[in-house]
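Just below is one structure, and these are the notes that go with it.
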Number of protein chains: 2
Amino acid sequence: MSRTICIYQDFLTEAHKTQIREAAGKAGFTPCFFTCDQVEEAKACLRDCEILYTCDPEILRSASASLQWCCSASAGVDVFCKDDGMFQNPACLLTNSNCYGVTIAEHIVMVTLMLLRRMPAYQEVIRNREWGDPLPIRSIQGASFTLLGTGNIGVNTARYLRNMGAAHITGVSRSGKPHPAFDEVFPISRLDDLLPQAHLLVMSLPETAETVHILNRERIALLPPDACVINVGRGTAIDQEALAEALDGGRIAGAALDVVDPEPLPRDHFLWDTKNLVLTPHVSGNLTLDSTCDLNVEMFCRDLENYGAGRPLSRLVDRKRGY
Amino acid sequence: MSRTICIYQDFLTEAHKTQIREAAGKAGFTPCFFTCDQVEEAKACLRDCEILYTCDPEILRSASASLQWCCSASAGVDVFCKDDGMFQNPACLLTNSNCYGVTIAEHIVMVTLMLLRRMPAYQEVIRNREWGDPLPIRSIQGASFTLLGTGNIGVNTARYLRNMGAAHITGVSRSGKPHPAFDEVFPISRLDDLLPQAHLLVMSLPETAETVHILNRERIALLPPDACVINVGRGTAIDQEALAEALDGGRIAGAALDVVDPEPLPRDHFLWDTKNLVLTPHVSGNLTLDSTCDLNVEMFCRDLENYGAGRPLSRLVDRKRGY
């Protein structure tokens, strides 16, 4: 019996399918394609299937113990690591996709400029059909940035900001390992020392036990008055109540949240009305940009080749650590 | 009697004034500072004054024939060239300031990303307290740009876009003279040939007889369906009615206007309700960014040194041509 790959994705074009078919054939696999409205068909396929390629953690629960590798098309795999019951095969490999660096870095540059250039205030002026008076603005040129998360997103963002004249870019990561995209990288244990100078704080952290509420009330209080907080990682990283109080009270300058907790945001949530907040519905890195989709498929096919040849997978996740 | 400079500006800090006093002293001048609520005092000063440094064309009308040089703190000097009656001294020199390259290029990057990443649609979703479905987006990476205007703003914008991976940047200028920031520069006479490929059209033109309604109804019809039009020059450059029709009818993808005609926009104007339009109240380049203000003063002081030494001024405007 031939070995099967279950592909449960909505974004694939015919060209992507051809590309996957070729890579699968070379590795000795048959790919079966399902769109996300074909749940039952996908579940049937997963009864005896070796590889799953999807964004949807729920479908993973239907995979039998024959599953050897789950390739997440998302970068954040916290939802695939929620509980051990998700994997029938305890040894099943999990990989994620780091194809989102460019699109999320573009989102970060956009909201950074929107905050520095006072767009929340100007957009209210425009909504009221007024013209208003010019407001003091700030520039990326000459500014200092603190990037919490130095992965693919942090590195791409640092490069864009540097090219627009950012004066100083500090990275913060678990290890504090230096990287040429940053002027310096500190370990996360130094975070409290760094926050009083975090005029522009960009958060692109995975959700793990260590990152939930990493920006808590006490740390928000350490931020300088001109601080702008940007989060593209996971909503749980921030104490949202404390952030909203700081924004509404004018104790910090602004925030841009592409991720919130919970999602979608309930209709009566306080974040809808928070001042100087640029809110987007978790769209900074989804699969709506052609080049991101192409890269996602390319990365899967490359790892499929590795898998077929018995080589290590390139984006392996530590399921206990969650990234 | 000492030679006088009338400085009629609101943005000056004490440090700026010290800097101007020093430069004036060296050149043999006495500077008199007025804020814009001191109209009568400024007018009195202008009765016997050699140099005027201002953003306000109206105050210029009060200058006597003794005025030899008017330094505009704005880049666009159309308002200083409206009629010959503005200058009592027909030979009076006029200079402008090109300190706006960085701040306006940042505005252009911001609104480009807002249009490519569908912010008008997402912001409506958020205003309705909904979450919505992901929309197809586009990227600066790999995109082609057509920059109508290759001055300081166009050059800075081209550099930023290039560093974010733009695939091709075409400049369009009066002369078509090549510039290293652009892949190619065409003369404005070729505009009609270029518009069908103008997926992202950035306009930073001065207002002159040639640029009024340069993007007229016929030319808007030449744009491709995915075209986004960005204007930071002067509102008169675009046939606004034709643009609004194209946007509301979905014949082009989006527009971002920082300048409109007239300003402020009347409360019953159709542009307030135009679809896929990012409207800002002429704020892309005003004197609300510290580094822009510093550069503006620096440029004035440098030219003051030139003037004192009898050397040519560096940003001389042809008053007949208007730029």
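If you're wondering about the labels, chains in the structure tokens are A, B, ... by order shown, residues count from 1 in each chain, ligands from 1 in order shown.
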Output chain B as an mmCIF file with C-alpha atoms, in the first residue's frame, after least-squares fitting it to chain A on all in-order C-alpha pairs.
```cif
data_model
loop_
_atom_site.group_PDB
_atom_site.id
_atom_site.type_symbol
_atom_site.label_atom_id
_atom_site.label_comp_id
_atom_site.auth_asym_id
_atom_site.auth_seq_id
_atom_site.Cartn_x
_atom_site.Cartn_y
_atom_site.Cartn_z
ATOM 1 C CA MET B 1 -0.115 -0.050 0.037
ATOM 2 C CA SER B 2 1.213 3.351 -0.920
ATOM 3 C CA ARG B 3 2.148 5.896 1.732
ATOM 4 C CA THR B 4 -0.255 8.809 2.006
ATOM 5 C CA ILE B 5 -0.019 12.538 2.707
ATOM 6 C CA CYS B 6 -3.192 14.270 3.863
ATOM 7 C CA ILE B 7 -3.180 17.913 2.742
ATOM 8 C CA TYR B 8 -5.936 19.895 4.392
ATOM 9 C CA GLN B 9 -5.483 23.506 3.218
ATOM 10 C CA ASP B 10 -7.566 26.163 1.513
ATOM 11 C CA PHE B 11 -4.853 28.339 0.011
ATOM 12 C CA LEU B 12 -3.371 25.960 -2.555
ATOM 13 C CA THR B 13 -3.409 26.860 -6.248
ATOM 14 C CA GLU B 14 -3.220 24.277 -9.040
ATOM 15 C CA ALA B 15 0.466 25.159 -9.438
ATOM 16 C CA HIS B 16 1.041 24.438 -5.726
ATOM 17 C CA LYS B 17 -0.694 21.056 -6.076
ATOM 18 C CA THR B 18 1.451 20.120 -9.074
ATOM 19 C CA GLN B 19 4.556 21.083 -7.115
ATOM 20 C CA ILE B 20 3.465 18.963 -4.129
ATOM 21 C CA ARG B 21 2.537 16.001 -6.370
ATOM 22 C CA GLU B 22 6.019 16.035 -7.891
ATOM 23 C CA ALA B 23 7.805 16.262 -4.540
ATOM 24 C CA ALA B 24 5.550 13.552 -3.095
ATOM 25 C CA GLY B 25 6.150 11.256 -6.047
ATOM 26 C CA LYS B 26 9.908 11.543 -5.678
ATOM 27 C CA ALA B 27 9.676 10.774 -1.960
ATOM 28 C CA GLY B 28 7.413 7.768 -2.584
ATOM 29 C CA PHE B 29 4.131 9.314 -1.403
ATOM 30 C CA THR B 30 0.638 9.924 -2.727
ATOM 31 C CA PRO B 31 -0.841 13.296 -1.770
ATOM 32 C CA CYS B 32 -4.584 13.636 -1.100
ATOM 33 C CA PHE B 33 -5.904 17.180 -1.236
ATOM 34 C CA PHE B 34 -8.845 18.424 0.818
ATOM 35 C CA THR B 35 -10.271 21.902 1.271
ATOM 36 C CA CYS B 36 -11.468 22.836 4.730
ATOM 37 C CA ASP B 37 -15.122 22.113 3.908
ATOM 38 C CA GLN B 38 -14.186 18.463 3.240
ATOM 39 C CA VAL B 39 -13.759 17.577 6.916
ATOM 40 C CA GLU B 40 -15.208 14.066 6.724
ATOM 41 C CA GLU B 41 -13.144 13.138 3.659
ATOM 42 C CA ALA B 42 -9.986 14.410 5.362
ATOM 43 C CA LYS B 43 -10.793 12.466 8.542
ATOM 44 C CA ALA B 44 -11.260 9.263 6.528
ATOM 45 C CA CYS B 45 -7.884 9.816 4.876
ATOM 46 C CA LEU B 46 -6.216 10.378 8.262
ATOM 47 C CA ARG B 47 -7.156 6.857 9.440
ATOM 48 C CA ASP B 48 -4.110 5.498 7.631
ATOM 49 C CA CYS B 49 -1.864 8.368 6.764
ATOM 50 C CA GLU B 50 1.807 9.101 7.433
ATOM 51 C CA ILE B 51 2.049 12.865 6.860
ATOM 52 C CA LEU B 52 -0.390 15.739 7.516
ATOM 53 C CA TYR B 53 0.060 19.285 6.110
ATOM 54 C CA THR B 54 -2.431 21.767 7.577
ATOM 55 C CA CYS B 55 -3.105 24.971 9.553
ATOM 56 C CA ASP B 56 -5.903 23.327 11.532
ATOM 57 C CA PRO B 57 -5.025 21.688 14.853
ATOM 58 C CA GLU B 58 -8.511 20.174 15.190
ATOM 59 C CA ILE B 59 -8.093 17.881 12.181
ATOM 60 C CA LEU B 60 -4.908 16.536 13.770
ATOM 61 C CA ARG B 61 -7.023 14.901 16.501
ATOM 62 C CA SER B 62 -8.477 12.598 13.825
ATOM 63 C CA ALA B 63 -5.093 11.256 12.778
ATOM 64 C CA SER B 64 -4.317 7.675 13.791
ATOM 65 C CA ALA B 65 -1.109 6.428 15.369
ATOM 66 C CA SER B 66 0.226 5.883 11.843
ATOM 67 C CA LEU B 67 0.918 9.643 11.570
ATOM 68 C CA GLN B 68 4.676 10.225 11.658
ATOM 69 C CA TRP B 69 4.912 13.910 10.739
ATOM 70 C CA CYS B 70 2.542 16.853 11.074
ATOM 71 C CA CYS B 71 3.658 19.929 9.109
ATOM 72 C CA SER B 72 1.948 23.073 10.356
ATOM 73 C CA ALA B 73 1.548 25.770 7.718
ATOM 74 C CA SER B 74 1.439 28.299 10.586
ATOM 75 C CA ALA B 75 4.446 29.702 12.400
ATOM 76 C CA GLY B 76 2.857 29.597 15.854
ATOM 77 C CA VAL B 77 2.217 25.983 16.827
ATOM 78 C CA ASP B 78 0.961 26.493 20.395
ATOM 79 C CA VAL B 79 -2.430 25.233 19.185
ATOM 80 C CA PHE B 80 -0.792 21.967 18.082
ATOM 81 C CA CYS B 81 0.856 21.534 21.484
ATOM 82 C CA LYS B 82 -2.116 22.245 23.781
ATOM 83 C CA ASP B 83 -2.399 18.673 25.068
ATOM 84 C CA ASP B 84 -0.762 15.326 24.422
ATOM 85 C CA GLY B 85 -4.102 13.904 23.327
ATOM 86 C CA MET B 86 -3.714 15.731 20.049
ATOM 87 C CA PHE B 87 -1.220 13.140 18.846
ATOM 88 C CA GLN B 88 -2.187 9.429 18.791
ATOM 89 C CA ASN B 89 1.441 8.692 18.014
ATOM 90 C CA PRO B 90 3.503 10.178 20.883
ATOM 91 C CA ALA B 91 6.616 10.184 18.691
ATOM 92 C CA CYS B 92 4.965 12.063 15.817
ATOM 93 C CA LEU B 93 7.184 14.868 14.497
ATOM 94 C CA LEU B 94 5.850 18.436 14.342
ATOM 95 C CA THR B 95 7.264 21.189 12.127
ATOM 96 C CA ASN B 96 6.176 24.790 11.661
ATOM 97 C CA SER B 97 6.609 27.235 8.806
ATOM 98 C CA ASN B 98 8.720 30.384 8.962
ATOM 99 C CA CYS B 99 7.501 31.869 5.701
ATOM 100 C CA TYR B 100 5.938 34.894 7.412
ATOM 101 C CA GLY B 101 9.002 37.090 7.968
ATOM 102 C CA VAL B 102 8.392 39.451 5.066
ATOM 103 C CA THR B 103 4.639 39.887 5.377
ATOM 104 C CA ILE B 104 4.685 40.354 9.158
ATOM 105 C CA ALA B 105 7.667 42.728 8.961
ATOM 106 C CA GLU B 106 5.680 44.804 6.445
ATOM 107 C CA HIS B 107 2.760 44.847 8.880
ATOM 108 C CA ILE B 108 5.101 45.977 11.662
ATOM 109 C CA VAL B 109 6.556 48.804 9.549
ATOM 110 C CA MET B 110 3.018 49.880 8.641
ATOM 111 C CA VAL B 111 1.652 50.021 12.195
ATOM 112 C CA THR B 112 4.901 51.539 13.540
ATOM 113 C CA LEU B 113 4.464 54.419 11.092
ATOM 114 C CA MET B 114 0.732 54.638 11.879
ATOM 115 C CA LEU B 115 1.534 55.051 15.571
ATOM 116 C CA LEU B 116 4.505 57.425 15.131
ATOM 117 C CA ARG B 117 2.540 59.532 12.635
ATOM 118 C CA ARG B 118 -0.573 59.720 14.845
ATOM 119 C CA MET B 119 -2.946 57.927 12.505
ATOM 120 C CA PRO B 120 -5.457 56.950 15.239
ATOM 121 C CA ALA B 121 -5.952 60.670 15.970
ATOM 122 C CA TYR B 122 -5.967 61.757 12.323
ATOM 123 C CA GLN B 123 -8.384 59.018 11.331
ATOM 124 C CA GLU B 124 -10.814 60.221 13.984
ATOM 125 C CA VAL B 125 -10.485 63.772 12.627
ATOM 126 C CA ILE B 126 -11.262 62.453 9.128
ATOM 127 C CA ARG B 127 -14.190 60.327 10.361
ATOM 128 C CA ASN B 128 -15.683 63.514 11.835
ATOM 129 C CA ARG B 129 -15.204 65.274 8.460
ATOM 130 C CA GLU B 130 -12.861 67.744 10.091
ATOM 131 C CA TRP B 131 -9.383 68.878 9.073
ATOM 132 C CA GLY B 132 -7.791 69.441 12.482
ATOM 133 C CA ASP B 133 -4.445 70.906 13.442
ATOM 134 C CA PRO B 134 -1.099 69.225 12.747
ATOM 135 C CA LEU B 135 0.036 66.999 15.619
ATOM 136 C CA PRO B 136 3.632 66.352 16.693
ATOM 137 C CA ILE B 137 4.842 63.206 14.955
ATOM 138 C CA ARG B 138 7.903 60.956 15.219
ATOM 139 C CA SER B 139 10.082 59.172 12.673
ATOM 140 C CA ILE B 140 11.643 55.741 12.255
ATOM 141 C CA GLN B 141 14.802 57.658 11.305
ATOM 142 C CA GLY B 142 16.832 58.098 14.468
ATOM 143 C CA ALA B 143 14.478 56.015 16.642
ATOM 144 C CA SER B 144 15.393 53.160 18.980
ATOM 145 C CA PHE B 145 13.579 49.830 18.848
ATOM 146 C CA THR B 146 13.340 46.897 21.225
ATOM 147 C CA LEU B 147 12.403 43.660 19.471
ATOM 148 C CA LEU B 148 11.116 40.997 21.803
ATOM 149 C CA GLY B 149 11.600 37.888 19.666
ATOM 150 C CA THR B 150 14.586 37.581 17.341
ATOM 151 C CA GLY B 151 13.315 34.891 14.966
ATOM 152 C CA ASN B 152 12.497 35.239 11.299
ATOM 153 C CA ILE B 153 10.006 38.066 11.980
ATOM 154 C CA GLY B 154 12.321 40.008 14.286
ATOM 155 C CA VAL B 155 15.250 39.720 11.880
ATOM 156 C CA ASN B 156 13.247 40.884 8.844
ATOM 157 C CA THR B 157 11.762 43.742 10.849
ATOM 158 C CA ALA B 158 15.184 44.830 12.099
ATOM 159 C CA ARG B 159 16.483 44.948 8.521
ATOM 160 C CA TYR B 160 13.591 47.093 7.297
ATOM 161 C CA LEU B 161 13.872 49.476 10.248
ATOM 162 C CA ARG B 162 17.647 49.764 9.819
ATOM 163 C CA ASN B 163 17.212 50.658 6.144
ATOM 164 C CA MET B 164 14.785 53.396 7.160
ATOM 165 C CA GLY B 165 17.374 54.926 9.481
ATOM 166 C CA ALA B 166 16.562 53.406 12.879
ATOM 167 C CA ALA B 167 19.351 54.492 15.244
ATOM 168 C CA HIS B 168 19.457 51.482 17.543
ATOM 169 C CA ILE B 169 17.844 48.052 17.451
ATOM 170 C CA THR B 170 17.949 45.872 20.541
ATOM 171 C CA GLY B 171 16.910 42.246 20.346
ATOM 172 C CA VAL B 172 15.593 40.216 23.270
ATOM 173 C CA SER B 173 15.549 36.424 23.061
ATOM 174 C CA ARG B 174 15.557 33.427 25.372
ATOM 175 C CA SER B 175 19.290 32.873 24.949
ATOM 176 C CA GLY B 176 20.490 36.431 24.213
ATOM 177 C CA LYS B 177 22.621 35.018 21.384
ATOM 178 C CA PRO B 178 24.005 37.865 19.174
ATOM 179 C CA HIS B 179 22.694 38.276 15.615
ATOM 180 C CA PRO B 180 24.023 40.721 13.008
ATOM 181 C CA ALA B 181 20.545 42.216 12.392
ATOM 182 C CA PHE B 182 20.578 43.663 15.934
ATOM 183 C CA ASP B 183 22.931 46.122 17.622
ATOM 184 C CA GLU B 184 22.792 43.848 20.646
ATOM 185 C CA VAL B 185 20.723 40.927 21.880
ATOM 186 C CA PHE B 186 19.868 40.473 25.560
ATOM 187 C CA PRO B 187 18.484 37.393 27.281
ATOM 188 C CA ILE B 188 14.874 37.684 28.374
ATOM 189 C CA SER B 189 16.030 37.690 32.004
ATOM 190 C CA ARG B 190 17.181 41.292 31.400
ATOM 191 C CA LEU B 191 13.748 42.451 30.195
ATOM 192 C CA ASP B 192 12.955 44.593 33.243
ATOM 193 C CA ASP B 193 16.158 46.589 32.744
ATOM 194 C CA LEU B 194 15.367 47.194 29.077
ATOM 195 C CA LEU B 195 11.725 48.291 29.338
ATOM 196 C CA PRO B 196 12.347 51.865 30.603
ATOM 197 C CA GLN B 197 14.143 52.533 27.268
ATOM 198 C CA ALA B 198 11.651 50.580 25.109
ATOM 199 C CA HIS B 199 10.237 53.521 23.154
ATOM 200 C CA LEU B 200 9.110 51.144 20.426
ATOM 201 C CA LEU B 201 8.520 47.619 21.673
ATOM 202 C CA VAL B 202 7.814 44.991 19.007
ATOM 203 C CA MET B 203 6.669 41.589 20.275
ATOM 204 C CA SER B 204 6.817 38.507 18.020
ATOM 205 C CA LEU B 205 6.939 35.703 20.562
ATOM 206 C CA PRO B 206 5.509 32.200 20.341
ATOM 207 C CA GLU B 207 3.008 31.229 23.029
ATOM 208 C CA THR B 208 4.719 29.127 25.665
ATOM 209 C CA ALA B 209 4.435 28.829 29.431
ATOM 210 C CA GLU B 210 7.156 31.522 29.731
ATOM 211 C CA THR B 211 5.578 34.045 27.357
ATOM 212 C CA VAL B 212 2.007 34.113 28.691
ATOM 213 C CA HIS B 213 1.537 37.592 30.249
ATOM 214 C CA ILE B 214 5.225 38.329 29.782
ATOM 215 C CA LEU B 215 4.187 41.988 29.411
ATOM 216 C CA ASN B 216 2.301 42.111 32.675
ATOM 217 C CA ARG B 217 0.995 45.095 34.633
ATOM 218 C CA GLU B 218 4.289 45.671 36.461
ATOM 219 C CA ARG B 219 6.281 45.643 33.240
ATOM 220 C CA ILE B 220 3.814 47.944 31.431
ATOM 221 C CA ALA B 221 4.422 50.381 34.309
ATOM 222 C CA LEU B 222 8.148 50.323 33.469
ATOM 223 C CA LEU B 223 7.588 51.594 29.898
ATOM 224 C CA PRO B 224 8.458 55.230 29.093
ATOM 225 C CA PRO B 225 5.617 57.729 28.354
ATOM 226 C CA ASP B 226 6.341 57.721 24.596
ATOM 227 C CA ALA B 227 6.244 53.911 24.391
ATOM 228 C CA CYS B 228 4.385 52.227 21.554
ATOM 229 C CA VAL B 229 3.731 48.493 21.898
ATOM 230 C CA ILE B 230 3.274 46.302 18.820
ATOM 231 C CA ASN B 231 2.246 42.672 19.146
ATOM 232 C CA VAL B 232 2.123 40.187 16.264
ATOM 233 C CA GLY B 233 2.868 37.010 18.261
ATOM 234 C CA ARG B 234 0.081 35.816 20.509
ATOM 235 C CA GLY B 235 -2.520 37.837 22.399
ATOM 236 C CA THR B 236 -1.806 36.036 25.665
ATOM 237 C CA ALA B 237 1.642 37.675 25.864
ATOM 238 C CA ILE B 238 0.096 40.922 27.191
ATOM 239 C CA ASP B 239 -2.022 41.782 30.216
ATOM 240 C CA GLN B 240 -4.639 43.462 28.014
ATOM 241 C CA GLU B 241 -6.459 45.134 30.886
ATOM 242 C CA ALA B 242 -3.279 46.823 32.123
ATOM 243 C CA LEU B 243 -2.351 47.826 28.558
ATOM 244 C CA ALA B 244 -5.788 49.370 27.920
ATOM 245 C CA GLU B 245 -5.567 51.307 31.194
ATOM 246 C CA ALA B 246 -2.134 52.653 30.255
ATOM 247 C CA LEU B 247 -3.387 53.684 26.811
ATOM 248 C CA ASP B 248 -6.657 55.242 27.995
ATOM 249 C CA GLY B 249 -4.809 57.059 30.770
ATOM 250 C CA GLY B 250 -2.215 58.388 28.333
ATOM 251 C CA ARG B 251 0.591 56.748 30.318
ATOM 252 C CA ILE B 252 2.003 55.268 27.094
ATOM 253 C CA ALA B 253 1.651 56.668 23.569
ATOM 254 C CA GLY B 254 0.098 53.883 21.538
ATOM 255 C CA ALA B 255 -0.257 50.221 20.677
ATOM 256 C CA ALA B 256 -0.958 48.041 17.660
ATOM 257 C CA LEU B 257 -2.372 44.601 18.345
ATOM 258 C CA ASP B 258 -2.801 42.106 15.541
ATOM 259 C CA VAL B 259 -3.339 39.353 18.094
ATOM 260 C CA VAL B 260 -5.637 39.455 21.106
ATOM 261 C CA ASP B 261 -6.990 37.064 23.692
ATOM 262 C CA PRO B 262 -9.526 35.713 22.896
ATOM 263 C CA GLU B 263 -9.960 35.774 19.125
ATOM 264 C CA PRO B 264 -12.303 36.846 17.698
ATOM 265 C CA LEU B 265 -12.658 39.630 20.242
ATOM 266 C CA PRO B 266 -16.114 39.521 21.915
ATOM 267 C CA ARG B 267 -18.400 42.388 20.885
ATOM 268 C CA ASP B 268 -18.458 43.860 24.400
ATOM 269 C CA HIS B 269 -14.664 43.769 24.909
ATOM 270 C CA PHE B 270 -12.928 46.906 26.201
ATOM 271 C CA LEU B 271 -10.217 46.765 23.506
ATOM 272 C CA TRP B 272 -12.675 47.945 20.810
ATOM 273 C CA ASP B 273 -12.799 51.340 22.547
ATOM 274 C CA THR B 274 -9.222 51.673 23.790
ATOM 275 C CA LYS B 275 -7.516 54.940 22.855
ATOM 276 C CA ASN B 276 -4.517 55.171 20.506
ATOM 277 C CA LEU B 277 -4.858 51.514 19.615
ATOM 278 C CA VAL B 278 -4.517 50.174 16.063
ATOM 279 C CA LEU B 279 -6.436 46.903 16.094
ATOM 280 C CA THR B 280 -6.280 44.381 13.229
ATOM 281 C CA PRO B 281 -8.072 41.004 13.152
ATOM 282 C CA HIS B 282 -5.009 38.684 13.187
ATOM 283 C CA VAL B 283 -4.061 39.367 9.579
ATOM 284 C CA SER B 284 -0.380 40.299 9.728
ATOM 285 C CA GLY B 285 0.799 36.871 8.704
ATOM 286 C CA ASN B 286 -1.962 34.806 7.241
ATOM 287 C CA LEU B 287 -1.864 33.029 3.911
ATOM 288 C CA THR B 288 -3.321 35.839 1.809
ATOM 289 C CA LEU B 289 -0.095 37.007 0.201
ATOM 290 C CA ASP B 290 0.909 35.000 -2.882
ATOM 291 C CA SER B 291 4.630 34.994 -2.107
ATOM 292 C CA THR B 292 3.976 33.770 1.466
ATOM 293 C CA CYS B 293 1.885 30.889 0.122
ATOM 294 C CA ASP B 294 4.540 29.995 -2.456
ATOM 295 C CA LEU B 295 7.202 29.931 0.247
ATOM 296 C CA ASN B 296 5.003 27.834 2.540
ATOM 297 C CA VAL B 297 4.589 25.132 -0.139
ATOM 298 C CA GLU B 298 8.256 25.336 -1.066
ATOM 299 C CA MET B 299 9.284 24.752 2.552
ATOM 300 C CA PHE B 300 6.940 21.788 2.867
ATOM 301 C CA CYS B 301 8.279 20.229 -0.347
ATOM 302 C CA ARG B 302 11.870 20.714 0.771
ATOM 303 C CA ASP B 303 11.175 18.981 4.075
ATOM 304 C CA LEU B 304 9.247 16.272 2.257
ATOM 305 C CA GLU B 305 12.438 15.557 0.313
ATOM 306 C CA ASN B 306 14.339 15.454 3.631
ATOM 307 C CA TYR B 307 11.744 13.118 5.108
ATOM 308 C CA GLY B 308 11.798 10.785 2.085
ATOM 309 C CA ALA B 309 15.595 10.578 2.248
ATOM 310 C CA GLY B 310 15.614 9.986 6.005
ATOM 311 C CA ARG B 311 17.312 13.322 6.726
ATOM 312 C CA PRO B 312 16.304 15.566 9.676
ATOM 313 C CA LEU B 313 13.419 17.985 9.090
ATOM 314 C CA SER B 314 14.461 21.624 8.958
ATOM 315 C CA ARG B 315 11.767 23.300 11.106
ATOM 316 C CA LEU B 316 11.328 20.707 13.839
ATOM 317 C CA VAL B 317 9.352 21.862 16.894
ATOM 318 C CA ASP B 318 9.991 20.728 20.446
ATOM 319 C CA ARG B 319 6.400 19.781 21.299
ATOM 320 C CA LYS B 320 7.047 20.107 25.046
ATOM 321 C CA ARG B 321 8.564 23.575 24.672
ATOM 322 C CA GLY B 322 5.941 24.632 22.129
ATOM 323 C CA TYR B 323 8.205 26.160 19.457
#
```
Give me, as JSON, numbers by chain, the residues of region 44-293 of chain A that a backbone DSSP run labels strand (DSSP E). {"A": [51, 52, 53, 54, 69, 70, 71, 72, 93, 94, 95, 144, 145, 146, 147, 148, 168, 169, 170, 171, 172, 173, 184, 185, 186, 187, 200, 201, 202, 203, 228, 229, 230, 231, 254, 255, 256, 257, 277, 278, 279]}
Test item, alpha helix (DSSP H) assignment across region 113-272 of chain A, answer as a PyMOL selection string: chain A and resi 113-116+119-127+152-163+191-194+217-222+240-248
